[in-house]
Each structure stands twice: as C-alpha cells, then as structure tokens.
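Notes to accompany the following structure.
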2 protein chains.
Amino acid sequence: MKILLVEDDRLLAHEIARALREENFAVDIAANGEDGQHLGETESYDAAVLDLGLPKVPGVEVLRGWRKHGRDLPVLILTARDGWTDKVDGFKAGADDYLTKPFRIEELIMRLRALVRRASGHAAPRISCGPLSFETQTGVFELDGLHLKLTALEWRVLECLILRKDTVVERGVLSEKVYEGDVGTDSNSIEVIVARLRRKVGKALIETERGRGYKLNSGSR
Amino acid sequence: MKILLVEDDRLLAHEIARALREENFAVDIAANGEDGQHLGETESYDAAVLDLGLPKVPGVEVLRGWRKHGRDLPVLILTARDGWTDKVDGFKAGADDYLTKPFRIEELIMRLRALVRRASGHAAPRISCGPLSFETQTGVFELDGLHLKLTALEWRVLECLILRKDTVVERGVLSEKVYEGDVGTDSNSIEVIVARLRRKVGKALIETERGRGYKLNSGSR
DNA sequence: GCGCCCAAGCTTAACTCAACCTGAACGGAA
DNA sequence: TTCCGTTCAGGTTGAGTTAAGCTTGGGCGC
C-alpha cells in the first residue's frame, strides 16, 4: 500500500509519514507541487494526500494535472483554511475527500483506509477464451478487442458458456438458464441461437458434444 | 441516482431530502434503524446517508448488517456527538465518509457526489461522451459546450446512463434508480423520457438494446 | 474394413408477436 | 397558468420461434 504525500511543511510531512509507516503504509514525500505533480504522474500509488496550500504550484492544479493525465488514484486533500471555496474547488477538481487542519492523524489514516478500500473494489474481473473476452461487471463481450453486439438470448447463452468454458454445458442446463421458467424442450431454438452465435464468434470456438451439449474451448488445446 | 436516508429526526430528514431532491436525487427515507436495515438490504441505492444516533437499532449495527449482507454501497455517516469513538466504530464497520452535526447541506451534497463518482469508477470530475459532458460535482450537463436544460427525471435517467456509459443499463435498473420507493413496472414512462432525451441530445447517442435496456455510446467504438 | 441407416445437429427462411417509439392528451403541482 | 410526468393508442421493428431440408457422425451388419 503506497501513498504519495504532497506537503511543504517539513515537520508536518514527517509526522504524517511516520504515523503512516507505523500503520505499514509505504510513503513517498513531495515537498512542493512540482515534485508532487511529477511523482503522481510517473509513479504508481494507491492513494495521495495533497496539501492545497502549496507554494508555487497550487494543490488544486496538481490534482487537476493528475486527472488530466488519466491518473485515477484516490486523493485526499488537506486544507489549512476553513474556506468553503477551497473544498469546493478541490472536489470539482476531482478530490475524493478532504480534511481541515488541524486534524488527528488517526482520522487521516481512517479516511485513507476507507478511500483505498473502496478504490480497490473496482478491479473488473475478465474472462477470456481465445479471441473472445467477457467483462463480468458490465456484461460486455469483445471479439479481438472489438465490441461484440449480441441479442438478449445470444448474450445469455454465450455468458452461460463462457462461465463454464472448457466444460460441456448440457442442453437442458442451457435452456433452463436461458428461459427462466421451465420449458418444454421440444424445440430447436437453442440450436438456432448457437448457430447464429457461431456465425458471430467463429465456428471453432463453440464445440458441440454430440448427445450432451456445447462447450466453449479456449484454443489452449 | 437514488439515495437512502436513515434519520430519525423527522424535521432534519425532510430538510435533507428536500435539498437532495432539488439536486435531482431520488430519496427514500427510513425513520429508524430497522426500516433502514431492511431497505438497504432489499432495494438498490447508489449511496446511503446514515445517522449513527438512532433509537433502538444503533446506526453502526445497521451499517454492519449491510456489509455482512454484501451490500457495498457508499455510506456517509452522520454523528451528532463529537465523540471520536463513534467515527472510529463507523469506519471500522465500513463507512466511507462522515459528517458531524451540524453541517452545511451543501457539504453533504458535495461529499455524496464525490462518493458516488468514485463508486462508479470515475476519478475525473468530468465525464464526457460524444458531444455530451457531465460535471459530477455540480450535476451540470453540457451539449457542445452549452448548458443543457433537463427536467428532474430526464436528468436522473441521463446521469444513470452517463455514469455507465458504453455499457447497457437495464430497464429495471433504470426505473429503480429513477423512481423513489417501490416501482410499478407496467408503464412506458421510461420510454417516453428516453424519447424526450433523444430529442434533446440527439438520436444517435442513446442506443436501445432490445430486450435489455439502453446504452449511452461514445462513438469511439 | 466398408457401407448403410438413422438419429442428432445445422442452417436458412419466413412468420409472429412482443418490445419499442412517438405524438397527443390528461391531470396534478408549483 | 405553465410545466412536468404519466397514460394511451397506433404504428414500426426486429428478436425469437418454427419448420423443413440438409449435413454429420456413429452404430451395426456384412
């Protein structure tokens, strides 16, 4: 867990760093806006603590710069003044939280922990299978990196297959998953959907196991 | 954008709810811990505001209950007492932020917006999508740089879509987030709102995924 | 091994109906 | 009054189903 601390007050900076390290955070200190800007853009941190009252480059500008460069780390800003506009500007620039000086160091730690916890929950698990990949959070399929457009039923079938890739999914299981209620199985609609899917994702991907069902096979064998 | 407000003080609750609704949030109010617990577990909210000083079931227990049930919505806790241990307990139970009473309602809104923005995976304070852009901290939409005037419902729908741009937002999810309380699903009002939105932002932006829902697509793919 | 036969699966095309769109009108709230 | 949200009706579209003919594969008798 690595934190970037941008704070010009040497004394305060070291006090904060000491406390954070005691809690097993790794801390880099930047004593001014320029260094902070640069470090935030080049290194990889789990979160940043940013003093808004910096000399030369104002803290808000540092934050704005990070965001412009696509840095999406959680940022907690510190403000000496109790000024309302400061906080508003900070939030508008993309801050996630703020603290007004003076503050208890335990509070800083707690808020940092909360930020990191929430930010880390955003890893989007992906399943890929040959040229096909599936983002479980958004339900988006991609083929060779290109967005794959599917109808509702095609999507359900393909999801069902990719969640069990490399294993046979029986016909019955498929129609159960695809048609929520139980269905009379005397129909070839599943076959039709599979055929259409094959035309979209390529014949080789979906293998049929005669008498049992279908299997999505990753080219690994 | 739907918020759960758990607050036993009727007056305060309605004041907060009014202010939030003025900012186009949909708000459900729970007047006690039990109701709050239940609503938070069964309904789907984008964030919760939780008073820690509740009668009967303490606020921290409510929060702990949600987390135990796997509800990971962002939670902002309110604490009347200036007590340190309250906040610590709150954070330990999985809170994301807190405010000490009394507070400015604008600050509550700022923090809520920051929480929601972060939870939706966006670090930058501005989301753009084709000619459309959205300022997360102020809730302002712009089309080609010009301020876009929307009604409350139009705003909620469009916000919901832009926060999940390029992914399909299901009809059900949409009406959940847009309407307060429970939802009757047999109505085409969402369709009508979408049609009106299309007339305002252009047809191409809002794509309909038949059988699933709607998608806001940044032409990039 | 060879070939026949039948069941299982594939594919195309047409049809049907639910999902969706939209203009208009109504009713309630500010 | 005006504005906003909802409902309704009529029209449009396209996804899903069906059915029919074709292909494939494996079992079995020779």
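Labels for the structure tokens follow display order: chains A, B, ..., residues from 1 in each chain, ligands from 1.
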
Using only C-alpha atoms (C1' of nucleotides), select each residue of chain B with any atom at most 8 Å away from an atom of chain D, and give the selection as an MDAnalysis selection string.
chainID B and resid 151 189 210

Kindly determine which residues of chain B lie within 12 Å of chain C, considering only C-alpha atoms (C1' of nucleotides), and give the answer as a CSV table (one decimal) with C-alpha atoms, in the first residue's frame.
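Written out: result.csv:
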```
chain,number,residue,atom,x,y,z
B,171,ARG,CA,-34.7,-1.1,-17.9
B,188,ASN,CA,-43.8,3.0,-20.5
B,189,SER,CA,-42.8,6.3,-18.8
B,190,ILE,CA,-39.2,5.4,-19.1
B,191,GLU,CA,-39.6,5.1,-22.8
B,192,VAL,CA,-41.2,8.5,-23.0
B,193,ILE,CA,-38.5,10.1,-21.0
B,194,VAL,CA,-35.8,8.4,-23.2
B,195,ALA,CA,-37.6,9.7,-26.3
B,196,ARG,CA,-37.6,13.2,-24.9
B,198,ARG,CA,-33.2,11.7,-27.6
B,199,ARG,CA,-34.8,14.8,-28.9
B,203,LYS,CA,-30.9,10.2,-31.5
B,207,GLU,CA,-28.8,3.3,-28.2
B,208,THR,CA,-31.5,0.8,-27.3
B,209,GLU,CA,-30.6,-2.7,-26.7
B,210,ARG,CA,-33.7,-4.6,-27.4
B,211,GLY,CA,-34.9,-6.8,-24.5
B,212,ARG,CA,-32.3,-5.4,-22.2
B,213,GLY,CA,-32.2,-1.7,-21.9
B,214,TYR,CA,-30.4,1.4,-23.0
```

Tell me as a tab-separated table (two decimals) with C-alpha atoms, in the first residue's frame which residues belonging to chain A come within 10 Å of chain B, counting only C-alpha atoms.
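So the final result, stored in result.tsv, reads:
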```
chain	number	residue	atom	x	y	z
A	63	LEU	CA	-4.74	17.42	-8.74
A	64	ARG	CA	-6.18	18.76	-11.97
A	66	TRP	CA	-3.13	14.22	-12.45
A	67	ARG	CA	-6.71	13.84	-13.58
A	68	LYS	CA	-5.91	15.29	-16.96
A	69	HIS	CA	-3.22	12.66	-17.33
A	70	GLY	CA	-5.73	9.96	-16.52
A	71	ARG	CA	-4.39	9.24	-13.06
A	72	ASP	CA	-7.34	7.96	-11.15
A	73	LEU	CA	-5.85	7.30	-7.75
A	74	PRO	CA	-7.97	8.34	-4.75
A	75	VAL	CA	-6.93	11.76	-3.47
A	84	TRP	CA	-15.63	26.79	1.81
A	87	LYS	CA	-13.08	22.49	-0.56
A	88	VAL	CA	-15.48	23.10	-3.39
A	89	ASP	CA	-12.62	23.71	-5.80
A	91	PHE	CA	-13.97	18.44	-5.13
A	92	LYS	CA	-14.55	19.99	-8.50
A	93	ALA	CA	-11.00	19.11	-9.45
A	94	GLY	CA	-11.67	15.50	-8.58
A	95	ALA	CA	-10.76	15.06	-4.94
A	96	ASP	CA	-12.36	12.21	-3.05
A	97	ASP	CA	-12.19	13.53	0.48
A	98	TYR	CA	-10.69	16.38	2.47
A	104	ARG	CA	-5.99	13.99	14.22
A	106	GLU	CA	-5.76	8.74	13.24
A	107	GLU	CA	-8.53	10.38	11.30
A	110	MET	CA	-9.01	6.04	8.72
A	111	ARG	CA	-10.11	8.14	5.81
A	112	LEU	CA	-7.21	6.90	3.71
A	113	ARG	CA	-8.13	3.34	4.53
A	114	ALA	CA	-11.73	3.96	3.53
A	115	LEU	CA	-10.62	5.50	0.23
A	116	VAL	CA	-8.27	2.70	-0.64
A	117	ARG	CA	-10.77	0.05	0.31
A	118	ARG	CA	-13.38	1.50	-1.99
A	119	ALA	CA	-10.98	2.14	-4.84
A	121	GLY	CA	-13.11	-2.80	-5.24
A	122	HIS	CA	-13.01	-1.75	-8.84
A	123	ALA	CA	-10.97	-4.46	-10.38
A	137	GLN	CA	-19.14	-6.45	-14.29
A	138	THR	CA	-20.57	-4.79	-17.35
A	139	GLY	CA	-21.53	-7.89	-19.27
A	140	VAL	CA	-19.68	-6.74	-22.37
A	146	LEU	CA	-13.86	-5.19	-30.69
A	147	HIS	CA	-17.19	-4.81	-29.04
A	149	LYS	CA	-23.07	-6.97	-30.44
A	150	LEU	CA	-25.44	-9.68	-29.29
A	151	THR	CA	-29.16	-10.09	-28.87
A	152	ALA	CA	-30.58	-10.84	-25.45
A	153	LEU	CA	-30.77	-14.60	-25.92
```

In Å, rounded to a single decimal, give me how far atom CA of B:Lys200 is from atom CA of B:Pro131.
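Computed distance, atom CA of B:Pro131 to atom CA of B:Lys200, equals 11.8 Å.
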
Looking only at the backbone, which of the residues in chain A does DSSP tag as strand (DSSP E), as a count of residues only?
48

Using only C-alpha atoms (C1' of nucleotides), which residues sit within 10 Å of B:Leu108 once same-chain residues fewer than 6 positions away are excluded, as a PyMOL selection string?
chain B and resi 16+19-20+49+76+78+98-99+114

Kindly export the residues of the current selection with C-alpha atoms, as a compact mmCIF listing (two decimals), in the first residue's frame.
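Written file, out-v1.txt:
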```
# COMPACT_ATOMS: atom_id res chain seq x y z
CA ILE B 16 -32.13 16.94 3.77
CA ALA B 19 -32.37 19.68 -0.61
CA LEU B 20 -31.32 16.42 -2.26
CA VAL B 49 -26.72 8.68 4.47
CA LEU B 76 -21.82 8.52 4.64
CA LEU B 78 -23.85 11.46 10.40
CA TYR B 98 -18.74 11.08 7.85
CA LEU B 99 -20.14 14.46 8.77
CA ALA B 114 -17.77 12.62 -4.61
```
